[in-house]
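Structure record follows, encoded as C-alpha cells.
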There are 2 protein chains.
Amino acid sequence: MTTSPPTKLSTIAILGGTGKEGPGLAMRWASAGYAIIIGSRQLEKAQATAADINAKLNMDRVSGLENSDAARSADIAVLTVVQSAHQAAVEGLRDALQGKILIDATARVDFRAPRPPEQPSAARIAQDILGPGVKVVAAYQNVPAGALKKDLGQPMDVDVLVCADEVQAAETVMQLTQAAGMHAYYAGSLDNAIVVEGLTSILISMNKYYGGHSAAIRITGIQQP
Amino acid sequence: MTTSPPTKLSTIAILGGTGKEGPGLAMRWASAGYAIIIGSRQLEKAQATAADINAKLNMDRVSGLENSDAARSADIAVLTVVQSAHQAAVEGLRDALQGKILIDATARVDFRAPRPPEQPSAARIAQDILGPGVKVVAAYQNVPAGALKKDLGQPMDVDVLVCADEVQAAETVMQLTQAAGMHAYYAGSLDNAIVVEGLTSILISMNKYYGGHSAAIRITGIQQP
C-alpha cells in the first residue's frame with residue numbers, strides 16, 4: 001500500500017513528537033525510508049525519544065532536536081502537541097515554519113468529557129497565526145496512537161481525512177499518509193477540520209462506551225484514489 | 001446481519017417519506033417485516049409512493065397517510081424532510097409525536113456549497129421544539145439514498161452513528177438500523193449529532209471531489225456490538 005518513493009524522500013519534523021501520537025508516526029515514516037526529526041521543547045527528551053525509536057527499529061533514521069531547530073531542519077513538519085499547548089506552540093514556531101507545510105494533528109477534545117469543539121478549527125487557528133507563508137494541512141487528529149505502533153509496514157484499518165485550503169498541499173500530505181500505511185482522502189478546506197476534531201470527540205466517547213481505545217473510521221463508496 | 005425479529009414488529013412512520021431517503025429506508029424495513037407508513041404533507045403523494053414501494057417489493061406492508069396521521073398511527077417515526085422544511089415540520093408534528101421516539105435524519109447542509117453547520121444540531125432543535133414527551137434520536141443523516149435501495153436484505157457497507165440523550169431510545173433505533181442491514185454505534189448525546197451533520201457535509205464534498213454519490217463511513221477498532 002505504500003507509494004513508490006520519490007527520488008529524494010523528505011525530512012519530516014514531528015514537533016511535540018515525544019507524546020502519544022508522534023512516536024508512532026515517526027516509526028511508520030522511518031520504516032518507509034524517511035529521515036525523521038523528533039522535536040520537543042526539551043532537547044534531551046527529543047533525543048531520548050529518537051534513540052528509543054532507532055533502537056526499536058534497528059535503524060538510524062531518527063534524530064532529536066529542540067522544536068524550532070527541528071522545524072528549520074525539515075522539509076515538512078507535523079504538530080502533535082497536547083491540545084492545551086497548541087496555540088503557544090504554533091506562536092513559538094512561526095518563524096521556523098515559514099515556507100513549509102505544517103500538518104496540524106490537533107483535536108481540541110477534553111478526554112474526560114469529550115464534546116465537539118466549535119469553529120474555528122485548530123488548524124484554522126494555526127493558519128491564522130502562521131500567516132500565508134506557511135501551508136497548514138489538518139490530518140491525523142483521530143488516528144489511534146496504539147494502532148500506529150503495531151505491524152509497521154502493514155496497511156492500517158484507518159482512513160485519514162485531509163483538510164487544506166490548497167489541494168496541492170493536501171496532496172503532498174496524502175502521499176505521506178499512504179507511505180505510513182493509511183488511505184487518505186481530501187476532505188475540503190481547513191474549516192472542515194472542525195468535523196474531524198468533532199469526530200475525534202465521538203470516537204473517544206465510543207471507546208469509553210464500548211470499551212476500547214482504537215475506534216477509527218474508514219471511508220466507503222468512493223473509488224480508491 | 002439482521003437481528004432476530006421481536007415478537008411484534010413496530011409500525012414505522014417515515015415522515016416526509018416521499019423524498020430521496022425515505023423510500024429506501026421504507027424498502028429495507030418492509031423487506032425485514034415491518035409495517036411502514038409513508039407520511040407526506042399531501043395524502044395522494046404519500047399513497048403513490050407507498051403503492052410504488054409495494055409494487056417494487058411485491059408486498060403490501062407499506063401504506064400512505066398525511067404526516068400527522070402517519071405519526072399518530074405508528075410506534076416510532078422517522079423524519080426525512082428536506083432540511084429547509086425541518087423546523088416547520090417538527091412544529092407541525094408536535095402533538096402527533098408525543099409519547100413516541102422520533103428519529104431525526106436531518107443534516108442541514110447546502111448541497112451546492114457544503115460546509116459544517118454549527119450547534120445546535122438539527123436533532124437538538126427538534127428535541128427543544130417537541131419537549132420531553134418525545135424522545136428524539138439522531139441517525140441516518142449520512143446514509144447514501146442510492147445505497148439503501150440496492151441489494152435489499154443484504155448488509156450495507158455503511159455504519160450509522162446514533163446520537164440520543166437516552167441510551168435506551170438509542171438502542172431501539174440501533175436495533176431498527178441492524179434490521180435495515182447497517183451496523184449502528186451509540187455516539188453520545190444529541191449535541192454530538194452536529195458532528196454527523198458536518199460529516200454529511202464532508203462526504204458531499206468528497207463525492208464532488210472524487211466523482212460519485214455514495215461516500216459513507218465505517219467504524220473500525222471496536223468489538224462489534
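In the C-alpha cells, each chain is lettered A, B, ... as it comes, each chain's residues begin at 1, and ligands are numbered from 1 in order of appearance.
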
Any idea what's packed within 12 Å of Ala46 of chain B, counting only C-alpha atoms, ignoring anything in its chain fewer than 4 positions away? Could you give it as a tab-separated table (two decimals) with C-alpha atoms, in the first residue's frame?
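Below is the file that was written, around-v6.tsv:
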```tsv
chain	number	residue	atom	x	y	z
B	13	ALA	CA	-43.87	6.09	10.05
B	14	ILE	CA	-41.49	7.78	7.62
B	15	LEU	CA	-42.46	11.44	7.70
B	16	GLY	CA	-41.56	13.40	4.61
B	17	GLY	CA	-41.11	9.91	3.24
B	18	THR	CA	-41.63	10.70	-0.44
B	19	GLY	CA	-38.19	12.29	-0.88
B	22	GLY	CA	-37.45	7.84	2.90
B	23	PRO	CA	-38.33	5.27	0.24
B	36	ILE	CA	-44.45	1.06	7.15
B	37	ILE	CA	-46.49	4.23	6.82
B	38	ILE	CA	-45.17	6.78	4.35
B	39	GLY	CA	-46.09	10.27	5.53
B	40	SER	CA	-46.33	13.36	3.35
B	41	ARG	CA	-47.96	16.76	3.53
B	42	GLN	CA	-50.08	15.55	0.61
B	50	ALA	CA	-46.45	3.63	-0.82
B	51	ALA	CA	-48.05	1.93	-3.83
B	52	ASP	CA	-44.81	2.24	-5.78
B	53	ILE	CA	-42.81	0.58	-2.99
B	62	VAL	CA	-46.49	-0.03	3.07
B	63	SER	CA	-49.35	2.48	3.33
B	64	GLY	CA	-49.55	6.25	2.88
B	65	LEU	CA	-51.02	8.90	5.16
B	66	GLU	CA	-50.78	12.62	5.75
B	67	ASN	CA	-47.75	13.28	8.04
B	68	SER	CA	-49.66	13.84	11.31
B	69	ASP	CA	-51.90	10.82	10.78
B	70	ALA	CA	-48.83	8.75	9.93
```

Exercise. Quick one: which residues from chain A are at most 10 Å off chain B, using only C-alpha atoms, as a PyMOL selection string?
Worked result: chain A and resi 114-119+144+147+157-159+161+163+185-189+191-207+209-225

Write out the coordinates of chain B as a PDB file with C-alpha atoms, in the first residue's frame after a least-squares overlay onto chain A built on all ordered Cα pairs.
```
ATOM      1  CA  MET B   1      -0.102   0.010  -0.090  1.00  0.00           C
ATOM      2  CA  THR B   2       2.877   2.370   0.247  1.00  0.00           C
ATOM      3  CA  THR B   3       3.448   4.631  -2.743  1.00  0.00           C
ATOM      4  CA  SER B   4       6.627   4.325  -4.769  1.00  0.00           C
ATOM      5  CA  PRO B   5       9.189   6.553  -3.047  1.00  0.00           C
ATOM      6  CA  PRO B   6      10.032   9.878  -4.702  1.00  0.00           C
ATOM      7  CA  THR B   7      13.608  10.402  -5.883  1.00  0.00           C
ATOM      8  CA  LYS B   8      14.589  12.116  -2.645  1.00  0.00           C
ATOM      9  CA  LEU B   9      12.461  11.454   0.414  1.00  0.00           C
ATOM     10  CA  SER B  10      11.537  14.480   2.512  1.00  0.00           C
ATOM     11  CA  THR B  11      12.843  15.025   6.009  1.00  0.00           C
ATOM     12  CA  ILE B  12       9.901  15.175   8.398  1.00  0.00           C
ATOM     13  CA  ALA B  13       9.963  17.018  11.734  1.00  0.00           C
ATOM     14  CA  ILE B  14       7.479  15.803  14.334  1.00  0.00           C
ATOM     15  CA  LEU B  15       7.035  18.741  16.693  1.00  0.00           C
ATOM     16  CA  GLY B  16       5.903  17.831  20.173  1.00  0.00           C
ATOM     17  CA  GLY B  17       6.944  14.394  18.988  1.00  0.00           C
ATOM     18  CA  THR B  18       7.620  12.832  22.377  1.00  0.00           C
ATOM     19  CA  GLY B  19       3.924  12.410  23.248  1.00  0.00           C
ATOM     20  CA  LYS B  20       1.372   9.746  22.352  1.00  0.00           C
ATOM     21  CA  GLU B  21       0.932  10.256  18.608  1.00  0.00           C
ATOM     22  CA  GLY B  22       4.357  11.429  17.460  1.00  0.00           C
ATOM     23  CA  PRO B  23       6.463   8.310  18.025  1.00  0.00           C
ATOM     24  CA  GLY B  24       4.012   6.093  16.105  1.00  0.00           C
ATOM     25  CA  LEU B  25       4.048   8.393  13.073  1.00  0.00           C
ATOM     26  CA  ALA B  26       7.853   8.587  13.330  1.00  0.00           C
ATOM     27  CA  MET B  27       8.166   4.803  13.354  1.00  0.00           C
ATOM     28  CA  ARG B  28       5.934   4.374  10.304  1.00  0.00           C
ATOM     29  CA  TRP B  29       7.710   7.027   8.231  1.00  0.00           C
ATOM     30  CA  ALA B  30      11.188   5.920   9.309  1.00  0.00           C
ATOM     31  CA  SER B  31      10.248   2.362   8.299  1.00  0.00           C
ATOM     32  CA  ALA B  32       9.222   3.729   4.894  1.00  0.00           C
ATOM     33  CA  GLY B  33      12.636   5.354   4.441  1.00  0.00           C
ATOM     34  CA  TYR B  34      12.053   8.936   5.543  1.00  0.00           C
ATOM     35  CA  ALA B  35      14.511  10.825   7.748  1.00  0.00           C
ATOM     36  CA  ILE B  36      12.718  11.937  10.903  1.00  0.00           C
ATOM     37  CA  ILE B  37      13.488  14.657  13.414  1.00  0.00           C
ATOM     38  CA  ILE B  38      11.674  14.403  16.723  1.00  0.00           C
ATOM     39  CA  GLY B  39      11.096  17.883  18.120  1.00  0.00           C
ATOM     40  CA  SER B  40      10.479  18.751  21.761  1.00  0.00           C
ATOM     41  CA  ARG B  41      10.722  21.800  23.966  1.00  0.00           C
ATOM     42  CA  GLN B  42      13.506  19.907  25.740  1.00  0.00           C
ATOM     43  CA  LEU B  43      16.403  18.743  23.568  1.00  0.00           C
ATOM     44  CA  GLU B  44      17.202  15.842  25.882  1.00  0.00           C
ATOM     45  CA  LYS B  45      13.660  14.503  25.702  1.00  0.00           C
ATOM     46  CA  ALA B  46      13.674  14.716  21.901  1.00  0.00           C
ATOM     47  CA  GLN B  47      16.996  12.887  21.728  1.00  0.00           C
ATOM     48  CA  ALA B  48      15.851  10.185  24.151  1.00  0.00           C
ATOM     49  CA  THR B  49      12.672   9.517  22.143  1.00  0.00           C
ATOM     50  CA  ALA B  50      14.683   9.454  18.909  1.00  0.00           C
ATOM     51  CA  ALA B  51      17.181   6.981  20.381  1.00  0.00           C
ATOM     52  CA  ASP B  52      14.338   4.805  21.636  1.00  0.00           C
ATOM     53  CA  ILE B  53      12.731   4.667  18.182  1.00  0.00           C
ATOM     54  CA  ASN B  54      16.044   3.943  16.459  1.00  0.00           C
ATOM     55  CA  ALA B  55      16.640   1.078  18.883  1.00  0.00           C
ATOM     56  CA  LYS B  56      13.162  -0.357  18.283  1.00  0.00           C
ATOM     57  CA  LEU B  57      13.533  -0.173  14.504  1.00  0.00           C
ATOM     58  CA  ASN B  58      17.206  -1.147  14.461  1.00  0.00           C
ATOM     59  CA  MET B  59      17.783   1.881  12.228  1.00  0.00           C
ATOM     60  CA  ASP B  60      19.414   5.271  12.494  1.00  0.00           C
ATOM     61  CA  ARG B  61      16.954   7.508  10.648  1.00  0.00           C
ATOM     62  CA  VAL B  62      15.538   9.373  13.641  1.00  0.00           C
ATOM     63  CA  SER B  63      17.232  12.305  15.395  1.00  0.00           C
ATOM     64  CA  GLY B  64      16.101  14.703  18.120  1.00  0.00           C
ATOM     65  CA  LEU B  65      16.189  18.501  18.220  1.00  0.00           C
ATOM     66  CA  GLU B  66      14.530  21.352  20.055  1.00  0.00           C
ATOM     67  CA  ASN B  67      11.192  22.137  18.296  1.00  0.00           C
ATOM     68  CA  SER B  68      12.322  25.262  16.391  1.00  0.00           C
ATOM     69  CA  ASP B  69      15.556  23.657  15.215  1.00  0.00           C
ATOM     70  CA  ALA B  70      13.591  20.580  14.158  1.00  0.00           C
ATOM     71  CA  ALA B  71      11.166  22.701  12.135  1.00  0.00           C
ATOM     72  CA  ARG B  72      14.002  24.619  10.451  1.00  0.00           C
ATOM     73  CA  SER B  73      15.875  21.427   9.518  1.00  0.00           C
ATOM     74  CA  ALA B  74      12.878  19.668   7.946  1.00  0.00           C
ATOM     75  CA  ASP B  75      11.091  19.859   4.599  1.00  0.00           C
ATOM     76  CA  ILE B  76       7.731  19.319   6.226  1.00  0.00           C
ATOM     77  CA  ALA B  77       6.570  19.473   9.856  1.00  0.00           C
ATOM     78  CA  VAL B  78       3.859  17.705  11.841  1.00  0.00           C
ATOM     79  CA  LEU B  79       2.475  19.201  15.040  1.00  0.00           C
ATOM     80  CA  THR B  80       1.453  16.604  17.647  1.00  0.00           C
ATOM     81  CA  VAL B  81       1.412  18.633  20.863  1.00  0.00           C
ATOM     82  CA  VAL B  82      -1.285  18.172  23.508  1.00  0.00           C
ATOM     83  CA  GLN B  83      -4.229  20.421  22.768  1.00  0.00           C
ATOM     84  CA  SER B  84      -3.610  22.751  25.700  1.00  0.00           C
ATOM     85  CA  ALA B  85      -0.176  23.603  24.258  1.00  0.00           C
ATOM     86  CA  HIS B  86      -1.405  24.135  20.690  1.00  0.00           C
ATOM     87  CA  GLN B  87      -1.633  27.893  20.396  1.00  0.00           C
ATOM     88  CA  ALA B  88       1.589  28.665  22.273  1.00  0.00           C
ATOM     89  CA  ALA B  89       3.448  26.051  20.261  1.00  0.00           C
ATOM     90  CA  VAL B  90       2.254  27.479  16.943  1.00  0.00           C
ATOM     91  CA  GLU B  91       3.166  31.022  18.022  1.00  0.00           C
ATOM     92  CA  GLY B  92       6.640  29.897  19.050  1.00  0.00           C
ATOM     93  CA  LEU B  93       7.213  28.149  15.711  1.00  0.00           C
ATOM     94  CA  ARG B  94       6.016  30.981  13.477  1.00  0.00           C
ATOM     95  CA  ASP B  95       9.419  31.973  12.125  1.00  0.00           C
ATOM     96  CA  ALA B  96      10.836  28.475  11.884  1.00  0.00           C
ATOM     97  CA  LEU B  97       7.919  27.205   9.793  1.00  0.00           C
ATOM     98  CA  GLN B  98       7.875  29.919   7.090  1.00  0.00           C
ATOM     99  CA  GLY B  99       7.939  28.424   3.604  1.00  0.00           C
ATOM    100  CA  LYS B 100       6.971  24.952   4.813  1.00  0.00           C
ATOM    101  CA  ILE B 101       3.926  22.745   5.135  1.00  0.00           C
ATOM    102  CA  LEU B 102       2.692  22.240   8.702  1.00  0.00           C
ATOM    103  CA  ILE B 103       0.485  19.216   9.295  1.00  0.00           C
ATOM    104  CA  ASP B 104      -1.656  20.011  12.332  1.00  0.00           C
ATOM    105  CA  ALA B 105      -2.910  16.877  14.114  1.00  0.00           C
ATOM    106  CA  THR B 106      -4.543  18.740  16.990  1.00  0.00           C
ATOM    107  CA  ALA B 107      -8.060  17.869  18.145  1.00  0.00           C
ATOM    108  CA  ARG B 108      -9.238  20.113  20.962  1.00  0.00           C
ATOM    109  CA  VAL B 109     -11.070  17.460  22.931  1.00  0.00           C
ATOM    110  CA  ASP B 110     -11.273  17.008  26.679  1.00  0.00           C
ATOM    111  CA  PHE B 111     -10.686  13.274  27.164  1.00  0.00           C
ATOM    112  CA  ARG B 112     -12.646  13.275  30.415  1.00  0.00           C
ATOM    113  CA  ALA B 113     -15.734  14.989  28.977  1.00  0.00           C
ATOM    114  CA  PRO B 114     -15.469  14.828  25.182  1.00  0.00           C
ATOM    115  CA  ARG B 115     -17.749  17.084  23.196  1.00  0.00           C
ATOM    116  CA  PRO B 116     -17.437  18.565  19.712  1.00  0.00           C
ATOM    117  CA  PRO B 117     -15.423  21.803  19.581  1.00  0.00           C
ATOM    118  CA  GLU B 118     -16.777  24.847  17.733  1.00  0.00           C
ATOM    119  CA  GLN B 119     -15.259  26.792  14.843  1.00  0.00           C
ATOM    120  CA  PRO B 120     -12.592  27.873  14.165  1.00  0.00           C
ATOM    121  CA  SER B 121     -10.782  24.545  13.818  1.00  0.00           C
ATOM    122  CA  ALA B 122      -7.378  24.127  15.463  1.00  0.00           C
ATOM    123  CA  ALA B 123      -5.791  24.084  12.022  1.00  0.00           C
ATOM    124  CA  ARG B 124      -7.543  27.336  11.052  1.00  0.00           C
ATOM    125  CA  ILE B 125      -6.251  28.923  14.268  1.00  0.00           C
ATOM    126  CA  ALA B 126      -2.763  27.749  13.338  1.00  0.00           C
ATOM    127  CA  GLN B 127      -3.083  29.115   9.794  1.00  0.00           C
ATOM    128  CA  ASP B 128      -4.193  32.496  11.122  1.00  0.00           C
ATOM    129  CA  ILE B 129      -1.217  32.666  13.484  1.00  0.00           C
ATOM    130  CA  LEU B 130       1.337  31.447  10.946  1.00  0.00           C
ATOM    131  CA  GLY B 131       0.176  33.605   8.044  1.00  0.00           C
ATOM    132  CA  PRO B 132       0.205  32.875   4.312  1.00  0.00           C
ATOM    133  CA  GLY B 133       3.891  31.863   4.258  1.00  0.00           C
ATOM    134  CA  VAL B 134       3.019  28.514   5.850  1.00  0.00           C
ATOM    135  CA  LYS B 135       0.655  25.982   4.310  1.00  0.00           C
ATOM    136  CA  VAL B 136      -1.303  24.364   7.124  1.00  0.00           C
ATOM    137  CA  VAL B 137      -2.862  20.964   6.478  1.00  0.00           C
ATOM    138  CA  ALA B 138      -5.091  19.233   9.051  1.00  0.00           C
ATOM    139  CA  ALA B 139      -4.659  15.459   9.370  1.00  0.00           C
ATOM    140  CA  TYR B 140      -4.246  12.543  11.801  1.00  0.00           C
ATOM    141  CA  GLN B 141      -6.483  14.055  14.511  1.00  0.00           C
ATOM    142  CA  ASN B 142      -8.254  10.733  15.033  1.00  0.00           C
ATOM    143  CA  VAL B 143      -5.627   8.135  14.261  1.00  0.00           C
ATOM    144  CA  PRO B 144      -5.338   5.830  17.299  1.00  0.00           C
ATOM    145  CA  ALA B 145      -1.811   6.171  18.700  1.00  0.00           C
ATOM    146  CA  GLY B 146      -1.619   2.485  19.588  1.00  0.00           C
ATOM    147  CA  ALA B 147      -2.533   1.326  16.084  1.00  0.00           C
ATOM    148  CA  LEU B 148       0.332   3.350  14.571  1.00  0.00           C
ATOM    149  CA  LYS B 149       2.926   1.391  16.524  1.00  0.00           C
ATOM    150  CA  LYS B 150       1.586  -2.032  15.569  1.00  0.00           C
ATOM    151  CA  ASP B 151       2.517  -4.021  12.448  1.00  0.00           C
ATOM    152  CA  LEU B 152       4.773  -1.372  10.950  1.00  0.00           C
ATOM    153  CA  GLY B 153       4.877  -1.583   7.168  1.00  0.00           C
ATOM    154  CA  GLN B 154       1.384  -3.085   7.078  1.00  0.00           C
ATOM    155  CA  PRO B 155      -1.693  -1.117   5.989  1.00  0.00           C
ATOM    156  CA  MET B 156      -3.783   0.159   8.892  1.00  0.00           C
ATOM    157  CA  ASP B 157      -7.554  -0.244   9.210  1.00  0.00           C
ATOM    158  CA  VAL B 158      -7.830   3.541   9.467  1.00  0.00           C
ATOM    159  CA  ASP B 159      -8.555   6.242   6.886  1.00  0.00           C
ATOM    160  CA  VAL B 160      -7.360   9.823   7.151  1.00  0.00           C
ATOM    161  CA  LEU B 161      -9.393  12.900   6.211  1.00  0.00           C
ATOM    162  CA  VAL B 162      -7.017  15.593   4.980  1.00  0.00           C
ATOM    163  CA  CYS B 163      -8.224  19.202   5.091  1.00  0.00           C
ATOM    164  CA  ALA B 164      -6.338  22.072   3.465  1.00  0.00           C
ATOM    165  CA  ASP B 165      -7.162  25.310   1.706  1.00  0.00           C
ATOM    166  CA  GLU B 166      -4.804  24.324  -1.142  1.00  0.00           C
ATOM    167  CA  VAL B 167      -5.306  20.965  -2.784  1.00  0.00           C
ATOM    168  CA  GLN B 168      -1.632  20.721  -3.718  1.00  0.00           C
ATOM    169  CA  ALA B 169      -0.500  20.867  -0.081  1.00  0.00           C
ATOM    170  CA  ALA B 170      -3.160  18.294   0.785  1.00  0.00           C
ATOM    171  CA  GLU B 171      -1.823  15.988  -1.922  1.00  0.00           C
ATOM    172  CA  THR B 172       1.697  16.105  -0.492  1.00  0.00           C
ATOM    173  CA  VAL B 173       0.285  15.085   2.884  1.00  0.00           C
ATOM    174  CA  MET B 174      -1.878  12.391   1.317  1.00  0.00           C
ATOM    175  CA  GLN B 175       1.248  10.841  -0.213  1.00  0.00           C
ATOM    176  CA  LEU B 176       2.960  10.863   3.176  1.00  0.00           C
ATOM    177  CA  THR B 177      -0.139   9.283   4.681  1.00  0.00           C
ATOM    178  CA  GLN B 178      -0.110   6.471   2.130  1.00  0.00           C
ATOM    179  CA  ALA B 179       3.574   5.921   2.924  1.00  0.00           C
ATOM    180  CA  ALA B 180       2.571   5.461   6.589  1.00  0.00           C
ATOM    181  CA  GLY B 181       0.092   2.735   5.615  1.00  0.00           C
ATOM    182  CA  MET B 182      -3.168   4.682   5.688  1.00  0.00           C
ATOM    183  CA  HIS B 183      -5.510   5.715   2.900  1.00  0.00           C
ATOM    184  CA  ALA B 184      -6.074   9.454   2.759  1.00  0.00           C
ATOM    185  CA  TYR B 185      -8.942  11.434   1.303  1.00  0.00           C
ATOM    186  CA  TYR B 186      -9.109  15.137   0.522  1.00  0.00           C
ATOM    187  CA  ALA B 187     -11.922  16.466   2.702  1.00  0.00           C
ATOM    188  CA  GLY B 188     -12.042  20.164   1.816  1.00  0.00           C
ATOM    189  CA  SER B 189     -10.807  23.347   3.448  1.00  0.00           C
ATOM    190  CA  LEU B 190      -9.333  23.892   6.908  1.00  0.00           C
ATOM    191  CA  ASP B 191     -12.816  24.846   8.123  1.00  0.00           C
ATOM    192  CA  ASN B 192     -13.921  21.246   7.512  1.00  0.00           C
ATOM    193  CA  ALA B 193     -11.298  20.122  10.027  1.00  0.00           C
ATOM    194  CA  ILE B 194     -13.746  21.079  12.770  1.00  0.00           C
ATOM    195  CA  VAL B 195     -15.704  17.966  11.788  1.00  0.00           C
ATOM    196  CA  VAL B 196     -12.630  15.778  12.107  1.00  0.00           C
ATOM    197  CA  GLU B 197     -11.954  17.248  15.547  1.00  0.00           C
ATOM    198  CA  GLY B 198     -15.567  16.545  16.487  1.00  0.00           C
ATOM    199  CA  LEU B 199     -15.218  13.026  15.131  1.00  0.00           C
ATOM    200  CA  THR B 200     -12.268  12.557  17.458  1.00  0.00           C
ATOM    201  CA  SER B 201     -14.535  13.523  20.337  1.00  0.00           C
ATOM    202  CA  ILE B 202     -17.147  10.982  19.209  1.00  0.00           C
ATOM    203  CA  LEU B 203     -14.583   8.216  18.745  1.00  0.00           C
ATOM    204  CA  ILE B 204     -13.307   8.856  22.288  1.00  0.00           C
ATOM    205  CA  SER B 205     -16.917   8.623  23.556  1.00  0.00           C
ATOM    206  CA  MET B 206     -17.332   5.365  21.654  1.00  0.00           C
ATOM    207  CA  ASN B 207     -14.113   3.948  23.081  1.00  0.00           C
ATOM    208  CA  LYS B 208     -15.504   4.664  26.546  1.00  0.00           C
ATOM    209  CA  TYR B 209     -18.964   3.275  25.779  1.00  0.00           C
ATOM    210  CA  TYR B 210     -17.858   0.091  24.039  1.00  0.00           C
ATOM    211  CA  GLY B 211     -14.639  -0.390  25.980  1.00  0.00           C
ATOM    212  CA  GLY B 212     -11.544   0.021  23.826  1.00  0.00           C
ATOM    213  CA  HIS B 213      -9.061   2.566  22.599  1.00  0.00           C
ATOM    214  CA  SER B 214      -8.794   2.062  18.853  1.00  0.00           C
ATOM    215  CA  ALA B 215     -12.054   3.371  17.335  1.00  0.00           C
ATOM    216  CA  ALA B 216     -11.397   4.910  13.935  1.00  0.00           C
ATOM    217  CA  ILE B 217     -13.130   5.432  10.615  1.00  0.00           C
ATOM    218  CA  ARG B 218     -12.862   4.071   7.092  1.00  0.00           C
ATOM    219  CA  ILE B 219     -14.431   5.704   4.062  1.00  0.00           C
ATOM    220  CA  THR B 220     -16.569   3.573   1.765  1.00  0.00           C
ATOM    221  CA  GLY B 221     -18.377   4.228  -1.524  1.00  0.00           C
ATOM    222  CA  ILE B 222     -15.506   6.096  -3.207  1.00  0.00           C
ATOM    223  CA  GLN B 223     -13.277   4.687  -5.928  1.00  0.00           C
ATOM    224  CA  GLN B 224      -9.871   4.394  -4.244  1.00  0.00           C
ATOM    225  CA  PRO B 225      -7.786   7.389  -5.276  1.00  0.00           C
TER     226      PRO B 225
END
```

Would you please extract all helix (DSSP H, G or I) residues from segment 189-225 of chain B, as assigned by DSSP on the backbone, and give them as a CSV table (one decimal) with C-alpha atoms, in the first residue's frame?
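Result written to part-v5.csv:
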```csv
chain,number,residue,atom,x,y,z
B,190,LEU,CA,-27.9,14.8,20.6
B,191,ASP,CA,-25.2,17.5,20.8
B,192,ASN,CA,-22.8,15.1,19.1
B,193,ALA,CA,-25.2,14.9,16.1
B,194,ILE,CA,-23.6,18.2,14.9
B,195,VAL,CA,-20.6,16.1,14.0
B,196,VAL,CA,-22.6,13.7,12.0
B,197,GLU,CA,-24.3,16.6,10.2
B,198,GLY,CA,-20.8,18.0,9.5
B,199,LEU,CA,-19.7,14.6,8.3
B,200,THR,CA,-22.5,14.7,5.8
B,201,SER,CA,-21.2,18.0,4.5
B,202,ILE,CA,-17.7,16.4,4.1
B,203,LEU,CA,-19.0,13.3,2.4
B,204,ILE,CA,-20.9,15.5,-0.1
B,205,SER,CA,-17.6,17.4,-0.7
B,206,MET,CA,-15.8,14.2,-1.2
B,207,ASN,CA,-18.5,12.9,-3.6
B,208,LYS,CA,-17.9,16.1,-5.7
B,209,TYR,CA,-14.1,15.9,-5.5
B,210,TYR,CA,-13.7,12.2,-6.3
```
